[in-house]
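Here is the structure we will look at.
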Amino acid sequence: MAQSALFGRYWPGESPIHALDPRMKLTGVVIAMVAIFLAQGYAALGVAALFVAAFFIVARIPFGQAFKSIAPLLFIVLLTAFLNLFFIQSGEVYAQAGPFVISQGGIDSAIFLSIRLTLLLLCASLLTLTTTSIDLTDAFESMLGPFARFGFPAHEFAMVMGIALRFLPQFMDELRTIRAAQLSRGAHVSANPFHGGLQGLSSLMVPLFTSAFRHAETLSNGMDARCYHGGTGRTRLDPLAFSTRDLAGIVILLLMVACVVATNFLVR
């Protein structure tokens, strides 16, 4: 496939996971994340990882592309690992420099939480890779619909979420284009503020924010030109509908939770 997998970008396909109802996929991601949080040891976390890997195989998304899709968010994993490595003190101490201590407990916690956070990011990425932004918007609106009776702006909230997901990969592409353009002009730019300084970082961020505001203005003018007035009276060509396939997906996810919990009790 010519395009790369990015967080928020849809990966076209005809797999069973692509065909699931988006509401079921939203619910399924929550169930999968609960299963990952319930894992209390490496064995249970390994069981959860096997299920997540199986989901990507069924979705026909290469593992390389799966990890590439979460690459921009891996700084969260690294930051969490860093904090746990130096600030959790338990077990044998290997090194110490002032308030920073590297102990066995800190190493175990850093590794365990890094794996857990990576699996959580992969679950969220699988949702966006197998579901279009329009389907996600409809799913959010449908699931938040009951709260609209109490004055909650379900349609507007879902629309904002859909637009945000739609523009995430576009902004990543534009950031790469801006960086390439600045490098071609001889600028010393880096995504790391400690290499090249804040001036180099601003040469990327200022054009990116300018582009974001321009896109926002274009989108606003387009919505005004089409007389957008919210979800009142809106109809759909393909209404969302659950099927037996969605029920099977829920059963598999509940099986994932059961396997993780059983592993917690069996392996201590």
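Here, A, B, ... name the chains of the structure tokens in the order displayed, residue numbers run from 1 inside each chain, and ligands are numbered from 1 in the same displayed order.
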Practice prompt. Excluding A:Thr244 and residues on its chain fewer than 6 positions from it, collect all residues at most 12 Å away from it, counting only C-alpha atoms, and give them as number ranges by chain.
Written response: A: 16, 19-21, 24, 250-251
N, CA and C atoms of the current selection, written as a CSV table (one decimal), in the first residue's frame:
chain,number,residue,atom,x,y,z
A,16,PRO,N,-12.9,-8.7,8.6
A,16,PRO,CA,-14.0,-8.8,9.5
A,16,PRO,C,-14.1,-7.6,10.5
A,19,ALA,N,-15.5,-4.6,9.0
A,19,ALA,CA,-16.9,-4.6,8.7
A,19,ALA,C,-17.8,-4.5,10.0
A,20,LEU,N,-17.2,-4.5,11.1
A,20,LEU,CA,-17.9,-4.4,12.4
A,20,LEU,C,-18.6,-3.0,12.5
A,21,ASP,N,-19.7,-3.0,13.2
A,21,ASP,CA,-20.4,-1.7,13.5
A,21,ASP,C,-19.4,-0.8,14.3
A,24,MET,N,-19.8,-1.0,18.1
A,24,MET,CA,-19.3,-2.1,18.7
A,24,MET,C,-17.8,-2.0,18.8
A,250,ILE,N,-18.1,-9.1,20.5
A,250,ILE,CA,-18.2,-8.9,21.9
A,250,ILE,C,-17.8,-10.1,22.7
A,251,VAL,N,-18.3,-11.3,22.2
A,251,VAL,CA,-18.0,-12.6,22.9
A,251,VAL,C,-16.5,-12.8,23.0
Please identify all polymer residues within 7 Å of A:Thr132, counting only C-alpha atoms, omitting same-chain residues fewer than 4 positions from it, and present them as a PDB file with N, CA and C atoms, in the first residue's frame.
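Result file is around_2.pdb:
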ATOM      1  N   TYR A  10      -7.297   6.244   8.316  1.00  0.00           N
ATOM      2  CA  TYR A  10      -8.009   5.005   7.996  1.00  0.00           C
ATOM      3  C   TYR A  10      -7.170   4.148   7.055  1.00  0.00           C
ATOM      4  N   THR A 128      -8.905   3.462  14.917  1.00  0.00           N
ATOM      5  CA  THR A 128      -8.855   4.490  13.881  1.00  0.00           C
ATOM      6  C   THR A 128      -8.390   3.920  12.542  1.00  0.00           C
ATOM      7  N   LEU A 136     -16.922   6.873  12.794  1.00  0.00           N
ATOM      8  CA  LEU A 136     -16.662   7.172  14.202  1.00  0.00           C
ATOM      9  C   LEU A 136     -17.551   8.312  14.690  1.00  0.00           C
TER      10      LEU A 136
END
Rows by chain and residue number, stretch 8-107 of chain A within 8 Å of stretch 252-255 of chain A, shortest pair, only C-alpha atoms, as a Markdown table:
| residue | atom | partner | partner_atom | distance |
| --- | --- | --- | --- | --- |
| A:Gly28 | CA | A:Leu253 | CA | 6.6 |
| A:Ile31 | CA | A:Leu253 | CA | 6.6 |
| A:Ala32 | CA | A:Leu253 | CA | 6.4 |
Just the selected residues (N, CA and C atoms), exported as an mmCIF file, in the first residue's frame, please.
data_model
loop_
_atom_site.group_PDB
_atom_site.id
_atom_site.type_symbol
_atom_site.label_atom_id
_atom_site.label_comp_id
_atom_site.auth_asym_id
_atom_site.auth_seq_id
_atom_site.Cartn_x
_atom_site.Cartn_y
_atom_site.Cartn_z
ATOM 1 N N GLY A 28 -15.754 -2.250 22.051
ATOM 2 C CA GLY A 28 -14.729 -3.279 22.106
ATOM 3 C C GLY A 28 -13.387 -2.746 22.545
ATOM 4 N N ILE A 31 -13.462 -2.450 26.249
ATOM 5 C CA ILE A 31 -13.345 -3.767 26.885
ATOM 6 C C ILE A 31 -11.911 -4.268 26.815
ATOM 7 N N ALA A 32 -11.261 -4.106 25.660
ATOM 8 C CA ALA A 32 -9.873 -4.542 25.517
ATOM 9 C C ALA A 32 -8.955 -3.773 26.456
#
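Going from atom CA of A:Asp135 to atom CA of A:Ala71 covers 24.3 Å.
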Worksheet entry | Among listed residues A:Ser211, A:Ile107, A:Ser125, A:Ala43, nearest A:Phe67 (using only C-alpha atoms) | A:Ser125
Fill in: Filtered DSSP result for stretch 27-189 of chain A, state helix (DSSP H, G or I), as a VMD selection string
chain A and resid 27 to 38 42 to 59 63 to 69 71 to 87 104 to 130 133 to 150 154 to 184
Residues of the last selection are to be written out with C-alpha atoms, as a short mmCIF file (atom, residue, chain, number, x, y, z; two decimals), in the first residue's frame.
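Contents of the output file selection_20.cif:
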data_model
loop_
_atom_site.label_atom_id
_atom_site.label_comp_id
_atom_site.auth_asym_id
_atom_site.auth_seq_id
_atom_site.Cartn_x
_atom_site.Cartn_y
_atom_site.Cartn_z
CA THR A 27 -17.23 -0.57 23.00
CA GLY A 28 -14.73 -3.28 22.11
CA VAL A 29 -11.76 -0.94 22.52
CA VAL A 30 -12.98 -0.06 26.01
CA ILE A 31 -13.35 -3.77 26.89
CA ALA A 32 -9.87 -4.54 25.52
CA MET A 33 -8.37 -1.68 27.52
CA VAL A 34 -10.09 -2.95 30.66
CA ALA A 35 -8.56 -6.38 30.03
CA ILE A 36 -5.11 -4.80 29.67
CA PHE A 37 -5.55 -2.85 32.91
CA LEU A 38 -6.65 -6.03 34.70
CA TYR A 42 3.79 -10.44 32.60
CA ALA A 43 1.95 -13.68 31.86
CA ALA A 44 -1.47 -11.98 31.87
CA LEU A 45 -0.04 -9.08 29.88
CA GLY A 46 1.31 -11.61 27.38
CA VAL A 47 -2.16 -13.12 26.99
CA ALA A 48 -3.57 -9.65 26.29
CA ALA A 49 -0.77 -9.03 23.79
CA LEU A 50 -1.63 -12.26 21.94
CA PHE A 51 -5.24 -11.13 21.58
CA VAL A 52 -4.17 -7.67 20.35
CA ALA A 53 -1.78 -9.28 17.84
CA ALA A 54 -4.59 -11.57 16.66
CA PHE A 55 -6.84 -8.55 16.12
CA PHE A 56 -4.24 -6.93 13.86
CA ILE A 57 -3.79 -10.18 11.96
CA VAL A 58 -7.54 -10.47 11.40
CA ALA A 59 -7.62 -6.81 10.32
CA PHE A 63 2.78 -5.25 12.55
CA GLY A 64 5.35 -2.80 11.21
CA GLN A 65 2.59 -0.42 10.16
CA ALA A 66 0.82 -0.98 13.48
CA PHE A 67 3.83 0.24 15.46
CA LYS A 68 4.48 3.02 12.95
CA SER A 69 0.97 4.31 13.56
CA ALA A 71 5.24 6.14 16.82
CA PRO A 72 4.30 9.83 17.36
CA LEU A 73 2.76 8.89 20.73
CA LEU A 74 5.61 6.73 22.02
CA PHE A 75 6.99 9.71 23.95
CA ILE A 76 4.21 9.01 26.48
CA VAL A 77 5.59 5.48 26.93
CA LEU A 78 9.16 6.77 27.26
CA LEU A 79 8.21 9.46 29.76
CA THR A 80 6.28 6.97 31.90
CA ALA A 81 9.17 4.50 31.80
CA PHE A 82 11.62 7.25 32.78
CA LEU A 83 9.55 8.37 35.77
CA ASN A 84 9.06 4.83 37.02
CA LEU A 85 12.71 3.89 36.48
CA PHE A 86 14.14 6.71 38.59
CA PHE A 87 11.44 7.43 41.15
CA GLN A 104 14.91 -3.63 40.73
CA GLY A 105 11.39 -2.42 41.46
CA GLY A 106 11.85 0.63 39.25
CA ILE A 107 13.14 -1.46 36.35
CA ASP A 108 10.26 -3.95 36.64
CA SER A 109 7.68 -1.15 36.86
CA ALA A 110 9.17 0.72 33.87
CA ILE A 111 9.14 -2.39 31.66
CA PHE A 112 5.67 -3.52 32.73
CA LEU A 113 4.02 -0.13 32.28
CA SER A 114 5.78 0.42 28.95
CA ILE A 115 4.30 -2.81 27.61
CA ARG A 116 0.87 -1.96 29.01
CA LEU A 117 0.83 1.55 27.53
CA THR A 118 2.03 0.24 24.15
CA LEU A 119 -0.84 -2.26 24.07
CA LEU A 120 -3.32 0.49 24.99
CA LEU A 121 -2.03 2.69 22.16
CA LEU A 122 -2.23 -0.22 19.73
CA CYS A 123 -5.88 -0.82 20.67
CA ALA A 124 -6.73 2.84 20.10
CA SER A 125 -4.79 2.81 16.82
CA LEU A 126 -6.63 -0.31 15.62
CA LEU A 127 -9.91 1.56 16.07
CA THR A 128 -8.85 4.49 13.88
CA LEU A 129 -7.09 2.27 11.33
CA THR A 130 -10.21 0.15 10.72
CA SER A 133 -13.83 9.27 10.63
CA ILE A 134 -17.43 9.52 9.38
CA ASP A 135 -18.33 6.17 10.94
CA LEU A 136 -16.66 7.17 14.20
CA THR A 137 -18.60 10.44 14.21
CA ASP A 138 -21.88 8.56 13.66
CA ALA A 139 -20.96 6.09 16.39
CA PHE A 140 -20.18 8.84 18.90
CA GLU A 141 -23.41 10.63 18.05
CA SER A 142 -25.47 7.45 18.34
CA MET A 143 -23.95 6.46 21.69
CA LEU A 144 -24.28 9.98 23.11
CA GLY A 145 -27.79 10.42 21.70
CA PRO A 146 -29.61 9.55 24.97
CA PHE A 147 -27.79 12.39 26.76
CA ALA A 148 -29.17 14.88 24.21
CA ARG A 149 -32.49 14.71 26.08
CA PHE A 150 -30.76 16.42 29.00
CA ALA A 154 -24.31 15.07 21.20
CA HIS A 155 -24.17 15.91 17.50
CA GLU A 156 -21.80 18.85 17.93
CA PHE A 157 -19.52 16.90 20.26
CA ALA A 158 -19.38 13.96 17.84
CA MET A 159 -18.67 16.30 14.93
CA VAL A 160 -15.75 17.92 16.78
CA MET A 161 -14.33 14.50 17.62
CA GLY A 162 -14.66 13.39 14.00
CA ILE A 163 -12.96 16.52 12.66
CA ALA A 164 -10.11 16.15 15.17
CA LEU A 165 -9.51 12.53 14.15
CA ARG A 166 -9.72 13.45 10.48
CA PHE A 167 -7.07 16.17 10.71
CA LEU A 168 -4.56 14.29 12.90
CA PRO A 169 -2.86 12.42 10.01
CA GLN A 170 -3.11 15.47 7.75
CA PHE A 171 -1.24 17.62 10.25
CA MET A 172 1.44 14.92 10.56
CA ASP A 173 1.85 14.95 6.76
CA GLU A 174 2.03 18.73 6.73
CA LEU A 175 4.63 18.71 9.51
CA ARG A 176 6.82 16.42 7.41
CA THR A 177 6.33 18.66 4.35
CA ILE A 178 7.22 21.80 6.33
CA ARG A 179 10.29 20.12 7.80
CA ALA A 180 11.47 19.02 4.35
CA ALA A 181 10.91 22.52 2.99
CA GLN A 182 12.87 24.12 5.84
CA LEU A 183 15.72 21.64 5.42
CA SER A 184 15.86 22.40 1.68
#
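Here atom CA of A:Ser103 and atom CA of A:Gln89 stand 5.8 Å from one another.
Every residue of stretch 23-234 of chain A with a DSSP assignment of strand (DSSP E), taken from the backbone, is listed as A:Val93, A:Tyr94, A:Ala95, A:Gln96, A:Ala97, A:Phe100, A:Val101, A:Ile102, A:Ser103.
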